[in-house]
Amino acid sequence: MTQSELPVLTKKDFESDQDVRWCPGCGDYSILAQTQKTMPTFGVAKEKIVFISGIGCSGRLPYYMNTYGFHTIHGRAATIATGLKAARPDLMVWVITGDGDALSIGGNHLIHAMRRNVDMKMIMFNNRIYGLTKGQASPTSPIGKKTKSTPLGTIETPIIPLNLVAAAEASFIARSVDTHSEHLQEMMQRAGEHSGAAFLEVLQNCNIFNDGAWRDFTDKSVKEDRMLVLKHGEPMIFGAERNKGIRLNGLQPEVVTIGENGITVADLWVHDETDPDATRTQILSRMWWPDFPVPVGVFRRVPRPTHDQLLVEQIEGAKAARAAKGPVDLQKLLASGETWTVE
Amino acid sequence: MTTPDSGAQHGTVTELDRVTIRFAGDSGDGMQLTGSQFTATTALFGNDVSTLPDYPAEIRAPAGSLPGVSGFQISFSSGDIHTPGDRPDVLVAMNPAALKVNLGDLVPGGAIIVNTDAFNDINLRKAGFAEDPLKNQSLQGYNLYEIPMSTMVAGACEGLGLSSKQVELTKNFFALGVMFWLYERSMAGTEKWIAEKFAGKDAIAEANRRALHAGYAFGETTEIFHTHYRVAAAHLPPGTYRNITGNEATALGFVMASKLAERDLFLASYPITPASDILHQLSSYKHLGIKTVQSEDEIAAIGAAVGAAYGGAMGMTTTSGPGMALKAEMLGLAVMVELPLVVVDVQRAGPSTGMPTKTEQGDLLMSMFGRNSDSPIPVIAPATPAECFTMAIEAWRIALHHMTPVVFLSDAFLATGAEPWSIPNVADLPSIKVENAPASDKPGFRPYQRDPETLARPWAVPGTPGLEHRIGGLEKLDELGTVSYDPDNHHRMNLLRAEKVARVARDIPPTEIYGDTTGDLLILGWGSTYGSIRSAVERLQSRGKRVSHAHLRYLNPLPTDLGEMLKNFKHVLMPELNAGQLRMLIRAKYLVDAVGFNLVRGKPFQIGEIEAKAESILGESVEAAK
């Protein structure tokens, strides 16, 4: 079946028959809904789509998608996706993970999946807490965070996920918020369209164990002033009045007001998703409320051959080189080196 | 030009049935190369051969030190042999440390060939010799041949414009030349190897060639060797042979398995001694369509293999003990999702990092039980280097037909040891093909609906329309495969997983017994102890003892005929290079009072050790009867 012959699918086609079992009010519901809504937009047959997850509340998502799904073990979804995509370049592979799954137990695999540019779309639900195990500190919990496992407050500096994946050479980096449904859909779509390792951080609310973790800047009432929506090729402007901007002074970003002290739009940092140097991606990733508005959108999108493409290229090259010498004869392969015959 | 045929210029020729030589020197002296060159030539000559490389884990321990000694033992014979020999007849020692480390193994009256140039004060001190053993009487019980090898190669390589250091590096070829003369071997194979290896480096190639010839000529023209030796070609069964190590045979076996299953092979692996050579070899087969990934760690390697298997490829991973420990959780996932997978564990001495280059059989119980909860996995083990080929195919046959992960237990001795291999005819090997679950336009696909015969579940590969389904590590509802916490269902699924693996025993070959099916003693072994046990049993039988040998290739499930077999012997002896791991299983399953013989020294059993143990059991038995 060619792409053009594909039946037009809808959100409903991607809903499985399983009851969704996240806590009522969980941010995961929105992420699931946007995922199901986004899938039909790719024009990919649903049997060609695979959702792979690790362990944690996020890990349940594949059960609710009417595609192929594999709920694996803690932290290792990226490894399974790596093998699957290498073996089956024809599949569209999504990885669903969380802040504990991807950054703690699976930290090593995250780094290597990104540097290899495995053609997988990883959505990391970041709620800054271990939810499934009922409320321990995660690698993104802010310093001082009091949890069951850190009754006096955590003494560990949190990881900035996007800074980490930028350092790991991720070719697509984006951030969105669970409740910002249109933006989230757009980010999922753009991640899905990217060829290579896509990392999408979703700021997700765990209303049971870490309610309001992002509320200070994601709440409707304040988000215009406290978040920066990145748009490729456009100056970084934010604020309810659209009069605030980001200026890059050397490697130091600054919040400026347009119209004050002679600042004009021309002075602002113009966002370039395709900037080959990840340094500026990292600067963006480190901007955080209250010093800066929190950026969301596509931080980085650079073309790079994918792991499976390069693997197949090497194999095809080796096959062609070998074919020039005649067909492969396994009998000869077994007899490579010196042989002798006993009559 | 000197040829082996014109070699017998002086002295006498002594006919021997079997000779065991150990080449030993500093790890920088090229002893592994020397040994493998001698092996290749000897195999080509038609002797039966068996080898045991023995090298330090450090790439280059301090020169001249005891830990830096690298050795390579080869036994070759005009008859059928199974082991690299208990004790060498000849020791080639390139420096004092090599002499010190290996002398104790040499047979009384054995020959020692030394490079006297290396016996200087510094090297003697590093080896811990208070005085030069060549100059006192300490080597009196041996035939000592003193050759100034470094001086000889310096002379031979004059005029080539090489540094003295470069020339010194050729002395192993001098030693090889001496050995070729002593045992009437041709230099042609090694000359060809030198020409290929040093193509474009004419001076280096010439230096090595000259060193080889100088060694040969030295043996021929000097009077220090009173005799040279003839070990006639062995009478092996008809066929085309090559020399092969266990790791080579394992890699080729997987290539063949892929061909016989008509399915892509995918290997993900993390480098680890002594398994890495399988990764290297399969990585060089890109032209055969084999995909390999060097993973970021052991867990990632098995994860990628599971992912590939989920995608319908023959996903596999190779490792050794420490890596096996890390793979445990993912193996459990493979058990739960019931995907085919082959995990190769080339066992080495442990626990922990242990002795990475040394052999052991310590991972059997880990392979059997080293996962959370009841988590049955078939475990198989090749007995000889060449047999790794057939057992690698067998691992895949079981994995594919029974939809299960399979552990393939090799070890360092099998992996790096070599023997002649009668190359099978590819056309004669049976298919191991299985089909994917077919596309469906009906709803309600059941991913855990089992084959009534094997209990294997369907392999429903992503990309197949109509089979969209979810699997994972959570317990599955029988047949439907959805998540289930139902108590009875969990119990039933546990039984089904166990029964599925138990049914592997339905299609494994009957256990062969060497010797009578009844008797005083059955020696039961598995893995690389095959050669030592078989040789010991041959000797015991030749003395009229009622001793037989059975060697298990299938460790889980055990062959169904084994229980009856054990009952027909008064005693069962189980030599293992561990503390008695298979014995624990055998005793538990069959309630048989098997006696253990367990040594963990990082090296194979000697034939004589097993023989003596068997004699002691038989002797006690005679005593008791009185």
# chains A, B, ... in the order shown; residues from 1 in each chain; ligands from 1

call {"tool": "interface_residues", "arguments": {"of": "chain A", "to": "chain B", "cutoff": "8 Å", "atoms": "only C-alpha atoms", "output": "PyMOL selection string"}}
result
chain A and resi 47-50+62-63+66-73+76-77+79-88+91+108-109+112+311+314-322+328+330-331+334-335+337-343

call {"tool": "select_by_dssp", "arguments": {"residues": "region 137-340 of chain A", "states": "strand (DSSP E or B)", "output": "ChimeraX atom specification"}}
result
/A:137,147,150,172-177,198-203,206,210,227-229,235,237-238,244-249,252-257,270,294-301,339-340

call {"tool": "closest_residue", "arguments": {"among": "B:Arg263, B:Gln361, B:Ser410, B:Ala456", "to": "Ile432 (chain B)", "atoms": "only C-alpha atoms"}}
result
B:Arg263

call {"tool": "atom_distance", "arguments": {"atom1": "CA of Glu254 (chain A)", "atom2": "CA of His271 (chain A)"}}
result
14.3 Å

call {"tool": "select_by_dssp", "arguments": {"residues": "region 116-324 of chain A", "states": "helix (DSSP H, G or I)", "output": "NGL selection string"}}
result
:A and (116 or 161-167 or 181-193 or 215-218 or 223-226 or 265-267 or 279-285 or 307-323)
